[in-house]
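Novice: mmCIF, C-alpha atoms, file upload33.cif:
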data_run
loop_
_atom_site.group_PDB
_atom_site.id
_atom_site.type_symbol
_atom_site.label_atom_id
_atom_site.label_comp_id
_atom_site.auth_asym_id
_atom_site.auth_seq_id
_atom_site.Cartn_x
_atom_site.Cartn_y
_atom_site.Cartn_z
ATOM 1 C CA MET C 16 0.695 -24.331 -25.263
ATOM 2 C CA ARG C 17 2.003 -22.313 -28.193
ATOM 3 C CA ASN C 18 -1.346 -20.521 -28.506
ATOM 4 C CA ALA C 19 -1.289 -19.656 -24.790
ATOM 5 C CA VAL C 20 2.175 -18.136 -25.127
ATOM 6 C CA LEU C 21 1.106 -16.128 -28.164
ATOM 7 C CA LEU C 22 -1.968 -14.872 -26.324
ATOM 8 C CA ALA C 23 0.166 -13.795 -23.353
ATOM 9 C CA LEU C 24 2.565 -11.949 -25.648
ATOM 10 C CA PHE C 25 -0.336 -10.271 -27.425
ATOM 11 C CA THR C 26 -1.835 -9.156 -24.102
ATOM 12 C CA LEU C 27 1.469 -7.645 -22.961
ATOM 13 C CA SER C 28 1.993 -5.845 -26.262
ATOM 14 C CA ALA C 29 -1.556 -4.505 -26.135
ATOM 15 C CA PHE C 30 -0.949 -3.110 -22.644
ATOM 16 C CA ALA C 31 2.292 -1.449 -23.754
ATOM 17 C CA ALA C 32 0.698 -0.018 -26.906
ATOM 18 C CA HIS C 33 -2.084 1.637 -24.921
ATOM 19 C CA ALA C 34 0.024 2.797 -21.967
ATOM 20 C CA ASP C 35 -0.587 6.460 -21.290
ATOM 21 C CA ASP C 36 0.905 9.016 -18.921
ATOM 22 C CA ARG C 37 -1.682 11.539 -17.738
ATOM 23 C CA ARG C 38 0.448 13.290 -15.108
ATOM 24 C CA PRO C 39 -0.165 17.057 -15.236
ATOM 25 C CA ASP C 40 3.479 17.642 -14.261
ATOM 26 C CA LYS C 41 5.901 15.258 -15.975
ATOM 27 C CA SER C 42 8.834 16.559 -13.908
ATOM 28 C CA THR C 43 7.671 14.723 -10.780
ATOM 29 C CA LEU C 44 6.038 11.468 -9.745
ATOM 30 C CA THR C 45 3.849 11.479 -6.642
ATOM 31 C CA ILE C 46 2.895 8.195 -4.971
ATOM 32 C CA MET C 47 0.346 7.988 -2.158
ATOM 33 C CA SER C 48 0.005 4.873 -0.001
ATOM 34 C CA TRP C 49 -3.058 4.534 2.234
ATOM 35 C CA ASN C 50 -4.933 1.856 4.156
ATOM 36 C CA VAL C 51 -8.548 3.010 3.729
ATOM 37 C CA GLU C 52 -10.031 0.607 6.332
ATOM 38 C CA PHE C 53 -12.634 -1.651 4.759
ATOM 39 C CA MET C 54 -13.528 0.454 1.738
ATOM 40 C CA TRP C 55 -16.588 -1.587 0.718
ATOM 41 C CA ASP C 56 -19.369 -0.479 -1.624
ATOM 42 C CA GLY C 57 -22.164 -1.843 0.588
ATOM 43 C CA LEU C 58 -23.652 -3.821 -2.296
ATOM 44 C CA PRO C 59 -24.246 -7.582 -2.418
ATOM 45 C CA PRO C 60 -22.530 -9.938 -2.649
ATOM 46 C CA GLU C 61 -20.175 -8.570 -0.018
ATOM 47 C CA GLU C 62 -16.753 -10.101 0.380
ATOM 48 C CA GLY C 63 -15.319 -11.350 3.649
ATOM 49 C CA ASN C 64 -16.795 -13.112 6.644
ATOM 50 C CA GLU C 65 -20.100 -11.567 7.736
ATOM 51 C CA ARG C 66 -18.924 -11.689 11.362
ATOM 52 C CA ILE C 67 -16.557 -8.811 10.539
ATOM 53 C CA GLN C 68 -18.745 -5.824 11.183
ATOM 54 C CA PHE C 69 -18.316 -2.162 10.272
ATOM 55 C CA PRO C 70 -20.945 0.599 9.949
ATOM 56 C CA HIS C 71 -21.226 0.548 6.158
ATOM 57 C CA ARG C 72 -21.507 -3.225 5.697
ATOM 58 C CA GLY C 73 -24.631 -3.780 3.620
ATOM 59 C CA ASN C 74 -25.341 -0.044 3.507
ATOM 60 C CA PRO C 75 -24.562 1.585 0.129
ATOM 61 C CA LYS C 76 -25.412 5.059 1.432
ATOM 62 C CA LEU C 77 -22.933 4.887 4.314
ATOM 63 C CA ALA C 78 -20.346 3.225 2.058
ATOM 64 C CA ALA C 79 -20.663 6.062 -0.464
ATOM 65 C CA ALA C 80 -20.311 8.657 2.301
ATOM 66 C CA LYS C 81 -17.066 7.008 3.413
ATOM 67 C CA MET C 82 -15.789 6.926 -0.175
ATOM 68 C CA GLU C 83 -16.590 10.610 -0.554
ATOM 69 C CA ARG C 84 -14.466 11.433 2.492
ATOM 70 C CA ILE C 85 -11.615 9.293 1.138
ATOM 71 C CA ALA C 86 -11.884 11.024 -2.244
ATOM 72 C CA LYS C 87 -11.719 14.435 -0.572
ATOM 73 C CA ILE C 88 -8.295 13.574 0.872
ATOM 74 C CA ILE C 89 -7.064 12.224 -2.483
ATOM 75 C CA ARG C 90 -8.295 15.335 -4.299
ATOM 76 C CA ARG C 91 -6.630 17.589 -1.755
ATOM 77 C CA TYR C 92 -3.177 16.068 -2.308
ATOM 78 C CA ASP C 93 -3.582 15.151 -5.998
ATOM 79 C CA PRO C 94 -1.104 12.209 -6.260
ATOM 80 C CA ASP C 95 -0.239 10.536 -9.570
ATOM 81 C CA ILE C 96 -0.494 6.991 -8.187
ATOM 82 C CA VAL C 97 -2.607 5.958 -5.189
ATOM 83 C CA SER C 98 -1.911 2.547 -3.649
ATOM 84 C CA LEU C 99 -4.861 1.511 -1.473
ATOM 85 C CA ASP C 100 -5.100 -1.258 1.129
ATOM 86 C CA GLU C 101 -8.341 -2.812 2.433
ATOM 87 C CA VAL C 102 -10.363 -2.390 -0.756
ATOM 88 C CA GLU C 103 -13.233 -4.839 -1.235
ATOM 89 C CA ASN C 104 -12.747 -5.483 -4.948
ATOM 90 C CA LEU C 105 -12.308 -3.816 -8.335
ATOM 91 C CA ASP C 106 -15.975 -2.775 -8.411
ATOM 92 C CA ALA C 107 -15.532 -0.785 -5.201
ATOM 93 C CA LEU C 108 -12.362 0.825 -6.558
ATOM 94 C CA LYS C 109 -14.153 1.726 -9.793
ATOM 95 C CA LEU C 110 -17.032 3.255 -7.835
ATOM 96 C CA LEU C 111 -14.619 5.450 -5.878
ATOM 97 C CA ASN C 112 -12.959 6.550 -9.110
ATOM 98 C CA ASP C 113 -16.010 7.032 -11.321
ATOM 99 C CA ARG C 114 -18.305 8.684 -8.799
ATOM 100 C CA PHE C 115 -15.995 10.709 -6.597
ATOM 101 C CA LEU C 116 -12.737 11.238 -8.537
ATOM 102 C CA GLU C 117 -14.096 12.060 -11.980
ATOM 103 C CA GLY C 118 -11.749 14.217 -14.025
ATOM 104 C CA MET C 119 -8.650 13.319 -11.978
ATOM 105 C CA GLY C 120 -7.182 11.154 -14.750
ATOM 106 C CA TYR C 121 -7.037 7.906 -12.773
ATOM 107 C CA GLU C 122 -7.593 4.361 -13.963
ATOM 108 C CA PRO C 123 -8.285 1.636 -11.376
ATOM 109 C CA TYR C 124 -6.373 -1.646 -11.226
ATOM 110 C CA LEU C 125 -6.617 -4.395 -8.633
ATOM 111 C CA LYS C 126 -5.222 -7.895 -8.213
ATOM 112 C CA ASN C 127 -7.515 -10.142 -6.187
ATOM 113 C CA GLY C 128 -5.851 -11.468 -3.058
ATOM 114 C CA ARG C 129 -6.337 -14.775 -1.279
ATOM 115 C CA ASP C 130 -7.631 -13.515 2.070
ATOM 116 C CA GLN C 131 -11.178 -14.840 2.031
ATOM 117 C CA TYR C 132 -11.811 -14.154 5.721
ATOM 118 C CA THR C 133 -11.429 -10.360 5.579
ATOM 119 C CA GLY C 134 -12.129 -10.112 1.839
ATOM 120 C CA GLN C 135 -9.614 -7.278 1.664
ATOM 121 C CA ASP C 136 -7.574 -6.574 -1.459
ATOM 122 C CA VAL C 137 -4.917 -4.057 -2.507
ATOM 123 C CA GLY C 138 -5.222 -1.970 -5.654
ATOM 124 C CA ILE C 139 -4.192 1.255 -7.332
ATOM 125 C CA LEU C 140 -5.577 4.345 -8.962
ATOM 126 C CA THR C 141 -3.022 5.634 -11.433
ATOM 127 C CA ARG C 142 -2.480 8.296 -14.066
ATOM 128 C CA ILE C 143 0.310 6.201 -15.568
ATOM 129 C CA ASP C 144 -0.975 3.021 -17.158
ATOM 130 C CA PRO C 145 0.966 -0.121 -16.177
ATOM 131 C CA ASP C 146 3.163 -1.739 -18.805
ATOM 132 C CA GLU C 147 1.448 -5.105 -18.248
ATOM 133 C CA PRO C 148 -1.343 -6.595 -16.120
ATOM 134 C CA LEU C 149 -0.815 -6.486 -12.375
ATOM 135 C CA TRP C 150 0.347 -9.759 -10.874
ATOM 136 C CA ARG C 151 0.646 -11.203 -7.386
ATOM 137 C CA GLU C 152 3.706 -12.764 -5.745
ATOM 138 C CA ASP C 153 2.542 -16.111 -4.341
ATOM 139 C CA ARG C 154 5.932 -17.566 -3.476
ATOM 140 C CA LYS C 155 6.124 -18.639 0.170
ATOM 141 C CA GLY C 156 8.832 -17.006 2.222
ATOM 142 C CA GLU C 157 10.520 -18.663 5.162
ATOM 143 C CA SER C 158 11.161 -17.741 8.792
ATOM 144 C CA GLY C 159 12.069 -20.319 11.389
ATOM 145 C CA ASN C 160 9.916 -23.332 10.564
ATOM 146 C CA VAL C 161 7.178 -21.180 9.011
ATOM 147 C CA ARG C 162 6.521 -20.908 5.281
ATOM 148 C CA LYS C 163 4.005 -18.261 4.271
ATOM 149 C CA SER C 164 3.210 -15.909 1.404
ATOM 150 C CA ALA C 165 1.651 -12.449 1.514
ATOM 151 C CA SER C 166 -1.989 -13.085 0.619
ATOM 152 C CA LYS C 167 -2.597 -9.423 -0.254
ATOM 153 C CA ASN C 168 -0.110 -7.902 -2.675
ATOM 154 C CA TYR C 169 0.260 -6.674 -6.237
ATOM 155 C CA ILE C 170 3.194 -5.867 -8.486
ATOM 156 C CA ALA C 171 2.753 -3.118 -11.071
ATOM 157 C CA LYS C 172 5.394 -2.175 -13.622
ATOM 158 C CA PHE C 173 5.543 1.355 -15.032
ATOM 159 C CA THR C 174 7.622 3.260 -17.552
ATOM 160 C CA VAL C 175 8.135 6.791 -16.245
ATOM 161 C CA GLY C 176 10.040 8.751 -18.843
ATOM 162 C CA GLU C 177 13.095 6.603 -19.510
ATOM 163 C CA GLU C 178 12.890 4.829 -16.156
ATOM 164 C CA SER C 179 11.357 1.459 -15.267
ATOM 165 C CA ILE C 180 9.670 1.408 -11.855
ATOM 166 C CA ALA C 181 8.103 -1.593 -10.104
ATOM 167 C CA LEU C 182 5.583 -0.748 -7.395
ATOM 168 C CA ILE C 183 4.838 -3.547 -4.930
ATOM 169 C CA GLY C 184 1.690 -2.883 -2.912
ATOM 170 C CA VAL C 185 1.415 -4.973 0.261
ATOM 171 C CA HIS C 186 -0.756 -5.586 3.302
ATOM 172 C CA PHE C 187 0.887 -7.870 5.844
ATOM 173 C CA LEU C 188 -0.492 -9.795 8.800
ATOM 174 C CA SER C 189 -1.588 -7.541 11.674
ATOM 175 C CA ARG C 190 -0.602 -7.166 15.352
ATOM 176 C CA PRO C 191 3.061 -6.046 15.342
ATOM 177 C CA THR C 192 3.704 -7.005 18.983
ATOM 178 C CA ASP C 193 2.149 -10.498 18.824
ATOM 179 C CA ARG C 194 4.998 -13.014 19.078
ATOM 180 C CA ASP C 195 2.746 -15.793 17.778
ATOM 181 C CA ARG C 196 2.672 -13.945 14.452
ATOM 182 C CA MET C 197 6.332 -12.937 14.347
ATOM 183 C CA HIS C 198 7.564 -15.698 12.037
ATOM 184 C CA GLU C 199 4.495 -15.501 9.821
ATOM 185 C CA ARG C 200 5.036 -11.818 9.069
ATOM 186 C CA GLN C 201 8.783 -12.371 8.648
ATOM 187 C CA ALA C 202 7.985 -15.116 6.120
ATOM 188 C CA GLN C 203 5.696 -12.699 4.260
ATOM 189 C CA ALA C 204 8.516 -10.172 4.186
ATOM 190 C CA ASP C 205 10.921 -12.814 2.881
ATOM 191 C CA SER C 206 8.541 -13.564 -0.004
ATOM 192 C CA ILE C 207 8.181 -9.910 -1.005
ATOM 193 C CA ARG C 208 11.905 -9.253 -0.525
ATOM 194 C CA ALA C 209 12.754 -12.053 -2.965
ATOM 195 C CA ALA C 210 10.336 -10.616 -5.531
ATOM 196 C CA ALA C 211 11.879 -7.161 -5.103
ATOM 197 C CA VAL C 212 15.427 -8.514 -5.543
ATOM 198 C CA LYS C 213 14.371 -10.211 -8.777
ATOM 199 C CA LEU C 214 12.783 -7.009 -10.083
ATOM 200 C CA ASP C 215 15.905 -5.044 -9.187
ATOM 201 C CA ALA C 216 18.016 -7.541 -11.150
ATOM 202 C CA GLU C 217 15.699 -7.018 -14.127
ATOM 203 C CA GLY C 218 16.469 -3.284 -14.096
ATOM 204 C CA TYR C 219 13.463 -1.937 -12.179
ATOM 205 C CA SER C 220 13.647 0.721 -9.504
ATOM 206 C CA VAL C 221 11.641 -0.860 -6.708
ATOM 207 C CA VAL C 222 9.078 0.765 -4.428
ATOM 208 C CA ILE C 223 7.408 -1.270 -1.648
ATOM 209 C CA ALA C 224 4.370 0.496 -0.197
ATOM 210 C CA GLY C 225 1.556 -0.352 2.150
ATOM 211 C CA ASP C 226 0.400 -1.458 5.568
ATOM 212 C CA ILE C 227 3.338 -3.619 6.651
ATOM 213 C CA ASN C 228 1.901 -3.807 10.174
ATOM 214 C CA ASP C 229 5.325 -3.469 11.762
ATOM 215 C CA TYR C 230 7.728 -0.902 13.144
ATOM 216 C CA ASP C 231 10.952 0.371 11.655
ATOM 217 C CA GLY C 232 13.267 0.469 14.625
ATOM 218 C CA SER C 233 16.171 2.140 12.830
ATOM 219 C CA ARG C 234 17.550 5.389 14.189
ATOM 220 C CA GLU C 235 16.810 7.306 10.990
ATOM 221 C CA ALA C 236 13.219 6.105 10.420
ATOM 222 C CA SER C 237 11.667 5.094 13.776
ATOM 223 C CA ASP C 238 8.292 6.586 14.635
ATOM 224 C CA HIS C 239 7.618 9.448 17.054
ATOM 225 C CA GLN C 240 7.507 7.022 20.001
ATOM 226 C CA SER C 241 10.660 5.154 18.893
ATOM 227 C CA ASN C 242 8.685 1.891 18.889
ATOM 228 C CA GLN C 243 10.955 -1.103 18.404
ATOM 229 C CA PRO C 244 9.884 -4.178 16.423
ATOM 230 C CA ILE C 245 9.991 -7.750 17.689
ATOM 231 C CA THR C 246 10.602 -8.889 14.096
ATOM 232 C CA THR C 247 13.182 -8.299 11.377
ATOM 233 C CA VAL C 248 10.476 -7.427 8.823
ATOM 234 C CA LEU C 249 11.547 -3.883 7.940
ATOM 235 C CA ALA C 250 15.250 -4.698 8.165
ATOM 236 C CA ASP C 251 14.748 -7.657 5.804
ATOM 237 C CA LEU C 252 12.718 -5.686 3.272
ATOM 238 C CA LYS C 253 15.115 -2.755 3.240
ATOM 239 C CA GLY C 254 18.157 -5.028 3.116
ATOM 240 C CA MET C 255 17.091 -6.637 -0.179
ATOM 241 C CA ASP C 256 20.010 -8.892 -1.281
ATOM 242 C CA PRO C 257 22.000 -9.708 1.889
ATOM 243 C CA ALA C 258 25.182 -10.028 -0.179
ATOM 244 C CA THR C 259 25.330 -6.299 -0.954
ATOM 245 C CA ASP C 260 24.212 -3.020 0.569
ATOM 246 C CA GLU C 261 24.125 -1.204 -2.775
ATOM 247 C CA ASP C 262 20.479 -2.170 -3.366
ATOM 248 C CA ASP C 263 19.223 -1.341 0.140
ATOM 249 C CA LEU C 264 15.846 0.392 0.150
ATOM 250 C CA VAL C 265 15.313 3.680 1.974
ATOM 251 C CA ASN C 266 12.318 4.257 4.227
ATOM 252 C CA ALA C 267 10.645 7.501 3.143
ATOM 253 C CA ALA C 268 9.927 8.165 6.834
ATOM 254 C CA GLN C 269 13.484 9.422 7.270
ATOM 255 C CA PHE C 270 12.539 12.533 5.263
ATOM 256 C CA VAL C 271 9.800 13.413 7.785
ATOM 257 C CA PRO C 272 10.465 15.115 11.162
ATOM 258 C CA LYS C 273 10.319 12.508 13.917
ATOM 259 C CA ARG C 274 7.473 14.245 15.745
ATOM 260 C CA ARG C 275 5.279 13.782 12.629
ATOM 261 C CA ARG C 276 6.071 10.094 12.096
ATOM 262 C CA PHE C 277 2.781 8.354 12.737
ATOM 263 C CA THR C 278 0.508 6.666 10.210
ATOM 264 C CA CYS C 279 -2.035 4.770 12.292
ATOM 265 C CA HIS C 280 -4.491 5.367 15.118
ATOM 266 C CA TRP C 281 -4.822 2.452 17.517
ATOM 267 C CA ASP C 282 -8.023 3.253 19.396
ATOM 268 C CA LYS C 283 -7.112 1.391 22.584
ATOM 269 C CA ASN C 284 -10.290 2.263 24.490
ATOM 270 C CA ARG C 285 -12.513 2.151 21.373
ATOM 271 C CA ASN C 286 -14.097 5.520 21.986
ATOM 272 C CA GLY C 287 -13.666 6.754 18.396
ATOM 273 C CA ARG C 288 -11.240 9.528 19.360
ATOM 274 C CA VAL C 289 -7.503 10.080 19.393
ATOM 275 C CA ASP C 290 -6.690 10.197 23.123
ATOM 276 C CA GLY C 291 -3.155 11.462 23.050
ATOM 277 C CA ARG C 292 -0.129 10.665 20.929
ATOM 278 C CA SER C 293 0.404 7.296 22.608
ATOM 279 C CA GLU C 294 -2.386 5.953 20.380
ATOM 280 C CA LEU C 295 -0.493 6.989 17.230
ATOM 281 C CA THR C 296 2.156 4.736 15.652
ATOM 282 C CA SER C 297 3.843 4.063 12.288
ATOM 283 C CA ILE C 298 3.106 0.676 10.756
ATOM 284 C CA ASP C 299 2.641 1.864 7.155
ATOM 285 C CA HIS C 300 5.737 2.428 5.057
ATOM 286 C CA VAL C 301 7.016 3.460 1.634
ATOM 287 C CA LEU C 302 10.411 1.948 0.853
ATOM 288 C CA LEU C 303 12.358 3.378 -2.072
ATOM 289 C CA ALA C 304 15.167 2.126 -4.278
ATOM 290 C CA PRO C 305 18.304 4.190 -3.560
ATOM 291 C CA GLU C 306 18.239 5.840 -6.993
ATOM 292 C CA LEU C 307 14.700 7.063 -6.275
ATOM 293 C CA ALA C 308 15.500 8.126 -2.711
ATOM 294 C CA GLU C 309 18.259 10.352 -4.087
ATOM 295 C CA ARG C 310 15.629 12.321 -6.010
ATOM 296 C CA VAL C 311 13.001 12.700 -3.286
ATOM 297 C CA ASP C 312 11.520 16.200 -3.369
ATOM 298 C CA SER C 313 9.200 15.764 -0.404
ATOM 299 C CA VAL C 314 7.522 13.232 1.867
ATOM 300 C CA GLU C 315 4.320 13.965 3.751
ATOM 301 C CA PHE C 316 2.538 11.969 6.419
ATOM 302 C CA MET C 317 -0.956 13.414 6.033
ATOM 303 C CA ASN C 318 -1.905 12.980 9.694
ATOM 304 C CA ASN C 319 -3.275 16.442 10.468
ATOM 305 C CA TYR C 320 -6.979 15.515 10.561
ATOM 306 C CA GLU C 321 -9.348 13.550 12.772
ATOM 307 C CA PRO C 322 -9.378 9.984 11.381
ATOM 308 C CA SER C 323 -12.803 8.869 12.666
ATOM 309 C CA GLY C 324 -15.217 8.225 9.824
ATOM 310 C CA ILE C 325 -12.457 8.054 7.206
ATOM 311 C CA SER C 326 -9.834 5.461 8.154
ATOM 312 C CA ASP C 327 -7.772 4.432 11.157
ATOM 313 C CA HIS C 328 -4.691 4.970 8.982
ATOM 314 C CA PHE C 329 -3.230 8.138 7.476
ATOM 315 C CA PRO C 330 -1.829 8.471 3.941
ATOM 316 C CA ILE C 331 1.842 8.755 3.079
ATOM 317 C CA MET C 332 2.765 10.730 -0.040
ATOM 318 C CA VAL C 333 6.168 10.731 -1.677
ATOM 319 C CA THR C 334 7.182 13.127 -4.455
ATOM 320 C CA ILE C 335 10.136 12.102 -6.633
ATOM 321 C CA GLY C 336 11.836 14.173 -9.307
ATOM 322 C CA THR C 337 11.722 12.500 -12.736
ATOM 323 C CA ASP C 338 13.553 15.029 -14.922
#
Go ahead and express the file in the form of structure tokens.

Specialist:
Amino acid sequence: MRNAVLLALFTLSAFAAHADDRRPDKSTLTIMSWNVEFMWDGLPPEEGNERIQFPHRGNPKLAAAKMERIAKIIRRYDPDIVSLDEVENLDALKLLNDRFLEGMGYEPYLKNGRDQYTGQDVGILTRIDPDEPLWREDRKGESGNVRKSASKNYIAKFTVGEESIALIGVHFLSRPTDRDRMHERQAQADSIRAAAVKLDAEGYSVVIAGDINDYDGSREASDHQSNQPITTVLADLKGMDPATDEDDLVNAAQFVPKRRRFTCHWDKNRNGRVDGRSELTSIDHVLLAPELAERVDSVEFMNNYEPSGISDHFPIMVTIGTD
């Protein structure tokens, strides 16, 4: 037992000793969050149930073409940290980085999730090395009589200047209007909320980012259609510790004009096109600790391109002053 503890301490110290900050502009921190829709490498063995079909399954050439289009968006906006949902594994993330993002200063990190059916994971590309290995919150949250954890999440701790930031990347259960899944997603939110409260108590400025698969119905952050949730997921996450409002997280969407608040294309008729704004909603979110929200320079929903062939989600990018 003593040797295991010593090894863990050595690993943490090694991470800290080699932590590097490769941001070209140290006065800001830019975080992009993006669901890249089954970013697989097309190489065997492929993760997830083979009944889940997409054009690049088992096809390295098509998979590489998709990665190239994803990389083009990342290069265009040049974020410091990219949090990606629906990544196959670390090998796929490394391929994206090494082949298509060479020279950008990123290092890939990924914490394997527990969703064996889809095979999807969440990971990051970052110019700021984490202070310690990424870890996953496996605690089960509660809602009604349901106990459930978020099978796809990571927690990454960073030192940015003199500030400690904890980034929680998440991908929650889908179908925001399905009442059969309401308590399950609320339980997932309860699990992540508890982890965020603990990190806040430890002195970290918390950021929760990813495909939460739910609406924020608040007046200041609702999407362009004013979609209202059937759950309390966003309210619970933003509320953090119910005993105080001083730690409440801020949805970065409130810094974006309402007409531009959409992050996802729901192709209702499956024709591969965006048929009007009714097919566009916001189910992806970046939630910021209040001390970070106070220093927001800009927030962009990069939804000004045709999503077919890239992803059915659009990236969110938040720029925070760090001086």

Novice: Using all atoms listed in the file, pick whichever of C:Asp256, C:Asp95, C:Asp144, C:Asp56 has the shortest atom-to-atom distance to Ala78 of chain C.

Specialist: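 Looking only at the distances to Ala78 of chain C, the closest residue turns out to be C:Asp56.
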
Novice: Evaluate the PyMOL selection byres ((chain C and resi 180) around 6) on the structure here and hand back the selected residues as an NGL selection string.

Specialist: :C and (172-173 or 179 or 181 or 219-221)

Novice: Please evaluate the PyMOL selection byres ((chain C and resi 51) around 6) against the structure above and give the resulting residues as a list in words.

Specialist: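 For this structure, the PyMOL selection byres ((chain C and resi 51) around 6) resolves to Trp49, Asn50, Glu52, Met54, Glu101 and Ser326 of chain C.
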
Novice: C:Asn104, C:Leu249, C:Asp36, C:Leu116: which is nearest Arg91 of chain C, counting all atoms listed in the file?

Specialist: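 Of the candidates, the smallest distance to Arg91 of chain C is held by C:Leu116.
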
Novice: Starting from the displayed file, determine the output of the PyMOL selection byres ((chain C and resi 290-307) around 9) and express the residue list as a PyMOL selection string.

Specialist: chain C and resi 47-50+191+215+220-231+237-240+242+252-253+261-268+276-284+286+288-289+308-311+328-333+335-337

Novice: Which distance in Å separates atom CA of Pro272 of chain C and atom CA of Leu44 of chain C, to one decimal?

Specialist: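 Pair atom CA of Pro272 of chain C / atom CA of Leu44 of chain C returns 21.7 Å.
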
Novice: Could you work out how far atom CA of Asp312 of chain C lies from atom CA of Asp338 of chain C, giving the answer in Å with one decimal?

Specialist: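 Atom CA of Asp312 of chain C lies at a distance of 11.8 Å from atom CA of Asp338 of chain C.
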
Novice: Just checking: using only C-alpha atoms, which residue out of C:Gly138, C:Ala204, C:Asn318, C:Ala258 ends up closest to Arg154 of chain C?

Specialist: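 Counting only C-alpha atoms, the residue closest to Arg154 of chain C is C:Ala204.
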